[in-house]
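Okay, run-v7.tsv is below, TSV, C-alpha atoms:
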chain	number	residue	atom	x	y	z
W	166	MET	CA	-9.47	-65.82	-29.22
W	167	ASN	CA	-5.85	-65.38	-30.00
W	168	LYS	CA	-3.58	-62.75	-28.41
W	169	PHE	CA	-3.88	-60.38	-31.36
W	170	SER	CA	-7.68	-60.39	-31.18
W	171	ILE	CA	-7.57	-59.69	-27.45
W	172	PHE	CA	-5.19	-56.78	-28.04
W	173	ILE	CA	-7.45	-55.28	-30.73
W	174	PHE	CA	-10.48	-55.71	-28.45
W	175	ILE	CA	-8.74	-53.84	-25.59
W	176	VAL	CA	-7.61	-51.00	-27.89
W	177	PHE	CA	-11.11	-50.49	-29.27
W	178	ALA	CA	-12.66	-50.77	-25.81
W	179	CYS	CA	-10.37	-48.03	-24.52
W	180	LEU	CA	-10.99	-45.80	-27.53
W	181	PHE	CA	-14.76	-46.02	-27.29
W	182	THR	CA	-15.16	-46.02	-23.50
W	183	ASN	CA	-12.82	-43.13	-22.78
W	184	CYS	CA	-10.27	-45.38	-21.07
W	185	GLN	CA	-7.99	-42.83	-19.41
W	186	LYS	CA	-5.94	-42.60	-16.30
W	187	GLU	CA	-7.64	-40.72	-13.48
W	188	LYS	CA	-6.73	-37.03	-13.53
W	189	PHE	CA	-5.64	-35.45	-10.25
W	190	CYS	CA	-6.34	-31.74	-9.92
W	191	THR	CA	-4.53	-29.18	-7.83
W	192	GLU	CA	-6.16	-28.71	-4.43
W	193	GLY	CA	-9.21	-26.49	-4.73
W	194	PHE	CA	-9.98	-27.42	-8.34
W	195	THR	CA	-12.07	-30.11	-10.00
W	196	GLY	CA	-13.61	-31.00	-13.35
W	197	PRO	CA	-12.35	-32.74	-16.48
W	198	ASN	CA	-9.84	-29.93	-17.12
W	199	CYS	CA	-9.21	-29.07	-13.46
W	200	ASP	CA	-10.49	-25.55	-14.09
W	201	GLN	CA	-13.54	-25.48	-11.81
W	202	GLU	CA	-13.00	-23.99	-8.35
W	203	ILE	CA	-14.25	-25.82	-5.29
W	204	PRO	CA	-15.64	-23.29	-2.80
W	205	PRO	CA	-13.61	-23.50	0.42
W	206	LEU	CA	-15.41	-24.51	3.60
W	207	ARG	CA	-13.20	-22.25	5.70
W	208	ILE	CA	-10.40	-19.71	5.24
W	209	SER	CA	-7.86	-18.92	7.98
W	210	ILE	CA	-5.54	-15.93	7.86
W	211	ASP	CA	-2.43	-15.06	9.87
W	212	GLY	CA	-3.07	-11.32	10.03
W	213	ILE	CA	-4.38	-8.12	8.50
W	214	ARG	CA	-2.20	-5.51	6.82
W	215	ILE	CA	-3.61	-2.01	6.33
W	216	ASN	CA	-1.76	-0.40	3.45
W	217	ARG	CA	-3.81	2.76	2.87
W	218	PHE	CA	-6.41	4.77	4.79
W	219	PRO	CA	-7.49	8.44	4.79
W	220	ASP	CA	-4.94	10.73	6.39
W	221	ARG	CA	-7.74	12.98	7.66
W	222	LYS	CA	-11.33	12.73	8.83
W	223	SER	CA	-14.11	13.28	6.28
W	224	ASN	CA	-14.53	16.86	7.62
W	225	GLY	CA	-10.86	17.61	6.87
W	226	ASN	CA	-9.69	17.58	10.50
W	227	GLN	CA	-6.71	15.55	11.64
W	228	TRP	CA	-7.41	12.25	13.40
W	229	ASP	CA	-5.68	13.28	16.61
W	230	ILE	CA	-5.21	16.96	17.31
W	231	ILE	CA	-3.68	16.95	20.80
W	232	THR	CA	-1.14	14.11	20.76
W	233	SER	CA	-0.31	13.80	17.05
W	234	THR	CA	-1.90	14.05	13.64
W	235	TYR	CA	-2.02	10.31	13.00
W	236	PRO	CA	-4.73	7.86	14.06
W	237	ASP	CA	-4.32	5.23	16.76
W	238	ILE	CA	-5.84	2.37	14.77
W	239	TYR	CA	-7.69	-0.72	15.94
W	240	ILE	CA	-9.91	-3.11	13.98
W	241	LYS	CA	-13.40	-4.56	14.30
W	242	LEU	CA	-14.24	-7.52	12.06
W	243	TYR	CA	-17.57	-9.33	11.95
W	244	ASN	CA	-19.89	-11.44	9.80
W	245	GLU	CA	-22.44	-9.02	8.38
W	246	ARG	CA	-25.34	-11.42	8.88
W	247	GLU	CA	-24.62	-12.27	12.52
W	248	LYS	CA	-23.22	-8.89	13.66
W	249	VAL	CA	-21.03	-10.66	16.22
W	250	ASP	CA	-17.42	-9.48	16.52
W	251	MET	CA	-14.93	-12.02	15.19
W	252	LEU	CA	-12.06	-9.72	15.99
W	253	LYS	CA	-12.09	-6.67	18.20
W	254	LEU	CA	-8.63	-5.86	19.30
W	255	ASP	CA	-8.03	-4.89	22.91
W	256	TYR	CA	-5.11	-2.75	21.82
W	257	TYR	CA	-4.34	-0.26	19.10
W	258	LYS	CA	-1.36	0.73	16.99
W	259	LYS	CA	-0.35	4.23	18.05
W	260	ASP	CA	0.24	7.10	15.62
W	261	VAL	CA	0.00	5.09	12.41
W	262	ALA	CA	1.34	7.17	9.52
W	263	SER	CA	1.38	4.48	6.85
W	264	SER	CA	1.14	0.68	6.61
W	265	VAL	CA	0.45	-1.36	9.74
W	266	ILE	CA	0.06	-5.10	10.42
W	267	PHE	CA	-2.15	-6.77	13.01
W	268	THR	CA	-0.94	-10.35	13.51
W	269	GLU	CA	-4.01	-11.91	15.12
W	270	PRO	CA	-5.17	-15.08	13.35
W	271	VAL	CA	-8.76	-15.08	12.10
W	272	THR	CA	-10.91	-17.87	10.64
W	273	PHE	CA	-13.76	-17.18	8.24
W	274	ASP	CA	-16.21	-20.05	8.74
W	275	TYR	CA	-18.44	-18.93	5.86
W	276	PRO	CA	-16.00	-17.53	3.26
W	277	SER	CA	-18.66	-16.88	0.60
W	278	GLN	CA	-20.71	-14.66	2.93
W	279	ASP	CA	-20.29	-10.92	3.51
W	280	TYR	CA	-17.98	-9.72	6.28
W	281	VAL	CA	-17.38	-6.20	7.55
W	282	ILE	CA	-14.03	-4.74	8.54
W	283	GLU	CA	-13.99	-1.38	10.29
W	284	LEU	CA	-11.03	0.77	11.25
W	285	TRP	CA	-11.30	2.86	14.37
W	286	ASP	CA	-9.16	5.66	15.79
W	287	TYR	CA	-8.72	5.17	19.52
W	288	ASP	CA	-9.16	8.32	21.59
W	289	ASP	CA	-9.29	8.57	25.36
W	290	PHE	CA	-12.92	9.68	25.45
W	291	LEU	CA	-14.69	9.04	22.16
W	292	ASP	CA	-13.27	6.84	19.40
W	293	ASP	CA	-13.61	7.95	15.78
W	294	LYS	CA	-14.93	5.50	13.23
W	295	MET	CA	-12.69	5.44	10.20
W	296	PRO	CA	-13.69	3.96	6.83
W	297	GLY	CA	-14.62	0.31	6.58
W	298	MET	CA	-15.79	-2.11	3.92
W	299	ILE	CA	-17.97	-5.11	3.23
W	300	PHE	CA	-16.19	-8.02	1.52
W	301	LYS	CA	-16.32	-11.73	0.79
W	302	PRO	CA	-13.14	-13.61	1.78
W	303	HIS	CA	-13.54	-15.90	-1.25
W	304	GLN	CA	-14.85	-14.99	-4.67
W	305	ASN	CA	-15.10	-17.60	-7.40
W	306	GLY	CA	-12.74	-17.06	-10.30
W	307	LEU	CA	-9.93	-15.50	-8.28
W	308	GLY	CA	-8.26	-18.74	-7.26
W	309	PHE	CA	-6.77	-19.22	-3.81
W	310	PRO	CA	-4.17	-16.50	-3.18
W	311	SER	CA	-2.11	-16.49	0.01
W	312	THR	CA	-2.77	-12.74	0.26
W	313	ILE	CA	-6.35	-11.55	-0.26
W	314	SER	CA	-6.45	-7.92	-1.42
W	315	LEU	CA	-9.37	-5.69	-0.48
W	316	LYS	CA	-9.73	-2.18	-1.94
W	317	THR	CA	-12.13	0.72	-1.87
W	318	ALA	CA	-11.60	4.38	-2.74
W	319	ASP	CA	-10.39	5.04	0.84
W	320	LEU	CA	-8.83	1.75	1.93
W	321	GLU	CA	-6.35	-0.89	0.88
W	322	ILE	CA	-6.25	-3.91	3.16
W	323	GLU	CA	-4.62	-7.32	2.78
W	324	LEU	CA	-5.59	-10.51	4.56
W	325	ILE	CA	-2.21	-12.22	4.82
W	326	GLY	CA	-1.24	-15.86	5.16
W	327	ALA	CA	-4.54	-17.23	3.81
W	328	LYS	CA	-5.03	-20.99	4.12
W	329	TYR	CA	-8.00	-22.74	2.51
W	330	ASN	CA	-9.82	-25.78	3.89
W	331	PHE	CA	-11.92	-27.78	1.45

Show me, as structure tokens, the structure contained in the file I just sent.
Amino acid sequence: MNKFSIFIFIVFACLFTNCQKEKFCTEGFTGPNCDQEIPPLRISIDGIRINRFPDRKSNGNQWDIITSTYPDIYIKLYNEREKVDMLKLDYYKKDVASSVIFTEPVTFDYPSQDYVIELWDYDDFLDDKMPGMIFKPHQNGLGFPSTISLKTADLEIELIGAKYNF
């Protein structure tokens, strides 16, 4: 075969066999158009920011009557299935009137499972359970944000500094 015939053969071979360069997708995505999310194996966060919580108990009373009106907040976080604390802080943030950040790192080993986060008001004798929520750290279709927003009617919480392992 001459050079022209070889050239024509290669062109036709590429046209009919989908001869393309390999496509590299952004981390966390796959597929021919790089639009299919890969579920992460693990998600690590740098901390938890509480942006909104009820300013009073469900009965209308203030959180703390003697020392102040604001709650002394601490967090419990656990996998709903296992019911084992992943994070139970040994300290609390005193007299929280608005947003507060807890900077303890947390790793979600099963990011597609349900987790529970509970807020508690520390009192010297009997702590008050504040609202909480059940959530999944990763939900398909939302991408891989560095801040994961969680909202209910009573709470707004952000998981900050999210890092995804695939």

- Item | Who sits within 12 Å of region 209-215 of chain W, all atoms listed in the file, same chain under 3 positions skipped, as a VMD selection string | chain W and resid 205 to 206 218 to 219 238 to 242 252 254 258 261 to 276 282 to 284 296 to 297 302 to 303 309 to 316 319 to 331

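Here CA of Trp228 (chain W) and CA of Trp285 (chain W) stand 10.2 Å from one another.
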
- Residue nearest Thr234 (chain W) - candidates W:Asp286, W:Asp292, W:Glu202, W:Glu192, atoms counted: all atoms listed in the file: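 Closest residue, counting all atoms listed in the file: W:Asp286.
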
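Nearest-residue note for Arg246 (chain W): choosing from W:Val281, W:Ala318, W:Ile231, W:Cys190, the minimum distance belongs to W:Val281, counting all atoms listed in the file.
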
- Query: Could you work out how far CA of Asp293 (chain W) lies from CA of Glu247 (chain W), giving the answer in Å with one decimal?
  - Reply: 23.3 Å

Take every atom of region 247-257 of chain W listed in the file, fit an axis-aligned box around them, add 3 Å per side, and give the centre and edge lengths in Å to one decimal as lines of an AutoDock Vina configuration file.
center_x = -14.5
center_y = -6.3
center_z = 17.7
size_x = 26.3
size_y = 18.0
size_z = 16.4

- So how many Å separate CA of Pro204 (chain W) and CA of Gly306 (chain W), to one decimal? 10.2 Å

- Asp229 (chain W): which residues within 8 Å, counting all atoms listed in the file, same-chain residues fewer than 6 positions away excluded, as a ChimeraX atom specification? /W:235-236,288

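Checking W:Ile203, W:Leu291, W:Ile299, W:Ile230 one by one against Asn244 (chain W), counting only C-alpha atoms, you find the shortest gap at W:Ile299.
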